[in-house]
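Raw query.pdb, PDB, C-alpha atoms:
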ATOM      1  CA  MET A   1     -94.936-114.528  77.706  1.00  0.00           C
ATOM      2  CA  ALA A   2     -98.423-113.097  77.225  1.00  0.00           C
ATOM      3  CA  ILE A   3     -98.229-113.248  73.432  1.00  0.00           C
ATOM      4  CA  GLY A   4     -97.036-116.851  73.597  1.00  0.00           C
ATOM      5  CA  ARG A   5     -99.887-117.700  75.953  1.00  0.00           C
ATOM      6  CA  VAL A   6    -102.405-116.166  73.513  1.00  0.00           C
ATOM      7  CA  ALA A   7    -100.894-118.177  70.635  1.00  0.00           C
ATOM      8  CA  ILE A   8    -101.086-121.426  72.606  1.00  0.00           C
ATOM      9  CA  GLY A   9    -104.645-120.620  73.656  1.00  0.00           C
ATOM     10  CA  VAL A  10    -105.832-119.969  70.110  1.00  0.00           C
ATOM     11  CA  THR A  11    -104.085-123.119  68.871  1.00  0.00           C
ATOM     12  CA  ALA A  12    -105.637-125.249  71.625  1.00  0.00           C
ATOM     13  CA  LEU A  13    -109.095-123.868  70.946  1.00  0.00           C
ATOM     14  CA  ALA A  14    -108.847-124.583  67.216  1.00  0.00           C
ATOM     15  CA  TRP A  15    -106.791-127.803  67.315  1.00  0.00           C
ATOM     16  CA  PRO A  16    -106.781-129.125  70.902  1.00  0.00           C
ATOM     17  CA  SER A  17    -104.781-132.231  70.101  1.00  0.00           C
ATOM     18  CA  VAL A  18    -101.763-130.197  68.886  1.00  0.00           C
ATOM     19  CA  PRO A  19    -100.646-128.819  72.283  1.00  0.00           C
ATOM     20  CA  ALA A  20    -102.122-131.803  74.148  1.00  0.00           C
ATOM     21  CA  ARG A  21    -100.244-134.544  72.272  1.00  0.00           C
ATOM     22  CA  PRO A  22     -96.842-133.908  73.917  1.00  0.00           C
ATOM     23  CA  TRP A  23     -98.556-133.888  77.293  1.00  0.00           C
ATOM     24  CA  VAL A  24    -100.838-136.914  77.069  1.00  0.00           C
ATOM     25  CA  GLY A  25     -99.723-138.731  73.927  1.00  0.00           C
ATOM     26  CA  ALA A  26    -102.237-140.580  71.757  1.00  0.00           C
ATOM     27  CA  ALA A  27    -104.997-139.821  74.261  1.00  0.00           C
ATOM     28  CA  ALA A  28    -104.984-136.274  72.811  1.00  0.00           C
ATOM     29  CA  ASP A  29    -107.304-137.559  70.081  1.00  0.00           C
ATOM     30  CA  ASP A  30    -109.977-138.677  72.562  1.00  0.00           C
ATOM     31  CA  VAL A  31    -113.059-136.481  72.809  1.00  0.00           C
ATOM     32  CA  ALA A  32    -112.563-135.976  76.556  1.00  0.00           C
ATOM     33  CA  ALA A  33    -108.955-134.865  76.054  1.00  0.00           C
ATOM     34  CA  GLN A  34    -110.050-132.455  73.341  1.00  0.00           C
ATOM     35  CA  VAL A  35    -112.645-130.913  75.652  1.00  0.00           C
ATOM     36  CA  PHE A  36    -109.990-130.412  78.320  1.00  0.00           C
ATOM     37  CA  GLY A  37    -107.523-129.170  75.703  1.00  0.00           C
ATOM     38  CA  ARG A  38    -109.981-126.503  74.591  1.00  0.00           C
ATOM     39  CA  ALA A  39    -110.675-125.555  78.209  1.00  0.00           C
ATOM     40  CA  LEU A  40    -106.943-125.135  78.840  1.00  0.00           C
ATOM     41  CA  GLY A  41    -106.712-123.152  75.623  1.00  0.00           C
ATOM     42  CA  ALA A  42    -109.460-120.844  76.834  1.00  0.00           C
ATOM     43  CA  ARG A  43    -107.585-120.437  80.127  1.00  0.00           C
ATOM     44  CA  ASP A  44    -104.356-119.531  78.363  1.00  0.00           C
ATOM     45  CA  LEU A  45    -106.104-117.185  75.955  1.00  0.00           C
ATOM     46  CA  ALA A  46    -107.835-115.356  78.818  1.00  0.00           C
ATOM     47  CA  LEU A  47    -104.633-115.118  80.887  1.00  0.00           C
ATOM     48  CA  GLY A  48    -102.634-113.895  77.900  1.00  0.00           C
ATOM     49  CA  LEU A  49    -105.185-111.295  76.818  1.00  0.00           C
ATOM     50  CA  GLY A  50    -105.606-110.095  80.404  1.00  0.00           C
ATOM     51  CA  ALA A  51    -101.852-109.678  80.805  1.00  0.00           C
ATOM     52  CA  LEU A  52    -101.516-107.872  77.479  1.00  0.00           C
ATOM     53  CA  ALA A  53    -104.365-105.510  78.314  1.00  0.00           C
ATOM     54  CA  ALA A  54    -102.957-104.728  81.752  1.00  0.00           C
ATOM     55  CA  LEU A  55     -99.450-104.207  80.388  1.00  0.00           C
ATOM     56  CA  GLN A  56    -100.661-101.917  77.568  1.00  0.00           C
ATOM     57  CA  SER A  57    -103.013 -99.771  79.595  1.00  0.00           C
ATOM     58  CA  PRO A  58    -101.430 -96.717  81.203  1.00  0.00           C
ATOM     59  CA  ALA A  59    -104.463 -96.550  83.505  1.00  0.00           C
ATOM     60  CA  ALA A  60    -103.783-100.049  84.856  1.00  0.00           C
ATOM     61  CA  GLY A  61    -101.571-100.053  87.883  1.00  0.00           C
ATOM     62  CA  ALA A  62     -98.546-102.272  88.305  1.00  0.00           C
ATOM     63  CA  GLY A  63    -100.607-104.488  90.578  1.00  0.00           C
ATOM     64  CA  SER A  64    -103.020-105.357  87.778  1.00  0.00           C
ATOM     65  CA  ALA A  65    -100.262-106.357  85.363  1.00  0.00           C
ATOM     66  CA  ARG A  66     -98.454-108.243  88.099  1.00  0.00           C
ATOM     67  CA  ALA A  67    -101.629-110.147  88.994  1.00  0.00           C
ATOM     68  CA  TRP A  68    -102.225-111.300  85.400  1.00  0.00           C
ATOM     69  CA  VAL A  69     -98.602-112.315  84.848  1.00  0.00           C
ATOM     70  CA  ALA A  70     -98.457-114.066  88.235  1.00  0.00           C
ATOM     71  CA  ALA A  71    -101.708-115.918  87.490  1.00  0.00           C
ATOM     72  CA  GLY A  72    -100.154-117.264  84.306  1.00  0.00           C
ATOM     73  CA  ALA A  73     -97.040-118.343  86.212  1.00  0.00           C
ATOM     74  CA  LEU A  74     -99.203-120.070  88.811  1.00  0.00           C
ATOM     75  CA  SER A  75    -101.158-121.946  86.151  1.00  0.00           C
ATOM     76  CA  ASP A  76     -97.874-123.127  84.599  1.00  0.00           C
ATOM     77  CA  ALA A  77     -96.570-124.257  87.999  1.00  0.00           C
ATOM     78  CA  LEU A  78     -99.793-126.188  88.587  1.00  0.00           C
ATOM     79  CA  ASP A  79     -99.431-127.806  85.157  1.00  0.00           C
ATOM     80  CA  VAL A  80     -96.017-129.055  86.298  1.00  0.00           C
ATOM     81  CA  MET A  81     -97.543-130.455  89.487  1.00  0.00           C
ATOM     82  CA  ALA A  82    -100.314-132.188  87.525  1.00  0.00           C
ATOM     83  CA  SER A  83     -97.719-133.706  85.213  1.00  0.00           C
ATOM     84  CA  LEU A  84     -95.563-134.943  88.074  1.00  0.00           C
ATOM     85  CA  LYS A  85     -98.594-136.506  89.748  1.00  0.00           C
ATOM     86  CA  SER A  86     -99.309-138.527  86.589  1.00  0.00           C
ATOM     87  CA  TRP A  87     -95.670-138.979  85.580  1.00  0.00           C
ATOM     88  CA  PRO A  88     -95.660-142.789  85.044  1.00  0.00           C
ATOM     89  CA  GLU A  89     -98.712-142.632  82.761  1.00  0.00           C
ATOM     90  CA  LEU A  90     -97.386-139.846  80.518  1.00  0.00           C
ATOM     91  CA  PRO A  91     -95.366-140.451  77.340  1.00  0.00           C
ATOM     92  CA  ARG A  92     -91.757-141.186  78.333  1.00  0.00           C
ATOM     93  CA  ILE A  93     -89.981-138.625  76.157  1.00  0.00           C
ATOM     94  CA  THR A  94     -92.414-135.761  75.780  1.00  0.00           C
ATOM     95  CA  ARG A  95     -93.297-135.625  79.467  1.00  0.00           C
ATOM     96  CA  TRP A  96     -89.847-134.101  80.009  1.00  0.00           C
ATOM     97  CA  LEU A  97     -90.534-131.482  77.352  1.00  0.00           C
ATOM     98  CA  VAL A  98     -93.828-130.565  79.003  1.00  0.00           C
ATOM     99  CA  VAL A  99     -92.392-130.343  82.517  1.00  0.00           C
ATOM    100  CA  PHE A 100     -89.365-128.318  81.433  1.00  0.00           C
ATOM    101  CA  SER A 101     -91.368-125.940  79.249  1.00  0.00           C
ATOM    102  CA  ALA A 102     -94.118-125.408  81.837  1.00  0.00           C
ATOM    103  CA  GLY A 103     -91.547-125.134  84.619  1.00  0.00           C
ATOM    104  CA  GLY A 104     -89.525-122.640  82.609  1.00  0.00           C
ATOM    105  CA  ALA A 105     -92.660-120.651  81.870  1.00  0.00           C
ATOM    106  CA  ALA A 106     -93.574-120.660  85.567  1.00  0.00           C
ATOM    107  CA  LEU A 107     -90.132-119.386  86.570  1.00  0.00           C
ATOM    108  CA  THR A 108     -90.037-116.817  83.771  1.00  0.00           C
ATOM    109  CA  GLY A 109     -93.565-115.673  84.577  1.00  0.00           C
ATOM    110  CA  GLY A 110     -92.732-115.319  88.257  1.00  0.00           C
ATOM    111  CA  ALA A 111     -89.656-113.259  87.425  1.00  0.00           C
ATOM    112  CA  ALA A 112     -91.684-111.190  84.957  1.00  0.00           C
ATOM    113  CA  ALA A 113     -94.305-110.478  87.609  1.00  0.00           C
ATOM    114  CA  VAL A 114     -91.609-109.144  89.908  1.00  0.00           C
ATOM    115  CA  ALA A 115     -89.975-107.189  87.073  1.00  0.00           C
ATOM    116  CA  THR A 116     -93.343-105.739  86.019  1.00  0.00           C
ATOM    117  CA  VAL A 117     -93.824-104.179  89.414  1.00  0.00           C
ATOM    118  CA  ALA A 118     -90.230-102.921  89.545  1.00  0.00           C
ATOM    119  CA  SER A 119     -90.283-101.390  86.046  1.00  0.00           C
ATOM    120  CA  ARG A 120     -93.712 -99.810  86.425  1.00  0.00           C
ATOM    121  CA  SER A 121     -92.765 -98.428  89.840  1.00  0.00           C
ATOM    122  CA  SER A 122     -89.560 -96.866  88.509  1.00  0.00           C
ATOM    123  CA  SER A 123     -91.315 -95.401  85.440  1.00  0.00           C
ATOM    124  CA  ALA A 124     -94.080 -93.983  87.621  1.00  0.00           C
ATOM    125  CA  SER A 125     -91.538 -92.168  89.766  1.00  0.00           C
ATOM    126  CA  ASP A 126     -89.763 -90.673  86.716  1.00  0.00           C
TER
END
Show this structure as structure tokens.
Amino acid sequence: MAIGRVAIGVTALAWPSVPARPWVGAAADDVAAQVFGRALGARDLALGLGALAALQSPAAGAGSARAWVAAGALSDALDVMASLKSWPELPRITRWLVVFSAGGAALTGGAAAVATVASRSSSASD
């Protein structure tokens, strides 16, 4: 999840219309949408790098990794809510793709946050 988040973040920073187009359609080419696309890219890059660092560091406790992974899941869940709030204005076909992918990422991230704590707790007791 964290590596995927970093990849999306880098892509959105370099080419903000690429990940934004499925979400907002042709508006992805507007300057305002590109500013927001880059801001979301920066968010995803920071969340992904934070999660990777916490997961790789033996000094980081399970709580740190869990917090980063959970923050990513929360941001994905909020993306779903934002999409649902603007549902009628979003592109008819790709809005489903966005909601399902963000919703899936939110559920997977939530499960990963729980699993991170469980796996780090069991390895710490070994």
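Interatomic distance, atom CA of A:Gln56 against atom CA of A:Ala115: 15.2 Å.
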Name the residues that the PyMOL selection byres ((chain A and resi 63-67) around 9) pulls out of this structure, and write them as a PyMOL selection string. chain A and resi 50-56+60-62+68-72+112-117
Those same residues - C-alpha atoms - I'd like them written as an mmCIF file, in the coordinates of the input.
data_model
loop_
_atom_site.group_PDB
_atom_site.id
_atom_site.type_symbol
_atom_site.label_atom_id
_atom_site.label_comp_id
_atom_site.auth_asym_id
_atom_site.auth_seq_id
_atom_site.Cartn_x
_atom_site.Cartn_y
_atom_site.Cartn_z
ATOM 1 C CA GLY A 50 -105.606 -110.095 80.404
ATOM 2 C CA ALA A 51 -101.852 -109.678 80.805
ATOM 3 C CA LEU A 52 -101.516 -107.872 77.479
ATOM 4 C CA ALA A 53 -104.365 -105.510 78.314
ATOM 5 C CA ALA A 54 -102.957 -104.728 81.752
ATOM 6 C CA LEU A 55 -99.450 -104.207 80.388
ATOM 7 C CA GLN A 56 -100.661 -101.917 77.568
ATOM 8 C CA ALA A 60 -103.783 -100.049 84.856
ATOM 9 C CA GLY A 61 -101.571 -100.053 87.883
ATOM 10 C CA ALA A 62 -98.546 -102.272 88.305
ATOM 11 C CA TRP A 68 -102.225 -111.300 85.400
ATOM 12 C CA VAL A 69 -98.602 -112.315 84.848
ATOM 13 C CA ALA A 70 -98.457 -114.066 88.235
ATOM 14 C CA ALA A 71 -101.708 -115.918 87.490
ATOM 15 C CA GLY A 72 -100.154 -117.264 84.306
ATOM 16 C CA ALA A 112 -91.684 -111.190 84.957
ATOM 17 C CA ALA A 113 -94.305 -110.478 87.609
ATOM 18 C CA VAL A 114 -91.609 -109.144 89.908
ATOM 19 C CA ALA A 115 -89.975 -107.189 87.073
ATOM 20 C CA THR A 116 -93.343 -105.739 86.019
ATOM 21 C CA VAL A 117 -93.824 -104.179 89.414
#
Check your understanding: Between A:Thr11, A:Ser17, A:Ser75, A:Gln34, which is the closest to A:Gly109 once you count all atoms listed in the file?
Key ->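 Smallest distance to A:Gly109 is found for A:Ser75.
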- prompt: If we count only C-alpha atoms, what is near A:Gly4 at a cut-off of 10 Å, once residues fewer than 6 positions away on the same chain are taken out, given as a PyMOL selection string?
  reply: chain A and resi 10+44-45+48
> Quick one: distance from atom CA of A:Phe36 to atom CA of A:Val98 in Å, one decimal?
Replying inline: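 Taking atom CA of A:Phe36 as the start and atom CA of A:Val98 as the end point, the length is 16.2 Å.
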With distances taken over all atoms listed in the file, the candidate from A:Ser101, A:Met81, A:Leu49, A:Glu89 nearest A:Ile3 is A:Leu49
Using all atoms listed in the file for the distances, tell me which of A:Arg95, A:Pro88, A:Leu47, A:Val6 is nearest to A:Ala20.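 Looking only at the distances to A:Ala20, the closest residue turns out to be A:Arg95.
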Which residue out of A:Pro19, A:Val99, A:Gly104, A:Ala42 has the minimum interatomic distance to A:Lys85 when all atoms listed in the file are used?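 Residue with the minimum atom-to-atom distance to A:Lys85: A:Val99.
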>> So that I can check the surroundings of A:Val24, please list as a list in words every protein, DNA and RNA residue that reaches within 7 Å of it, counting all atoms listed in the file and ignoring chain neighbours fewer than 4 positions away.
In response: Ala20, Ala28, Leu90 and Pro91 of chain A
What are the centre and the three edge lengths of an axis-aligned box that wraps all atoms of stretch 10-26 of chain A in the file, given that 6 Å is added to every side, written as JSON and rounded to one decimal in Å?
{"center_x": -103.0, "center_y": -130.3, "center_z": 72.3, "size_x": 24.3, "size_y": 32.6, "size_z": 22.1}
Correct to one decimal, the distance atom CA of A:Asp76-atom CA of A:Arg92 is 20.1 Å
With distances taken over all atoms listed in the file, which of A:Ala14, A:Gly103, A:Thr94, A:Arg5 is nearest to A:Asp79?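 Counting all atoms listed in the file, the residue closest to A:Asp79 is A:Gly103.
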Note to self: Which residues are near A:Arg38? Cut-off 6 Å, all atoms listed in the file, ignore same chain within fewer than 2 positions. Put them as a PyMOL selection string.
What the structure shows: chain A and resi 12-13+16+35-36+40-41
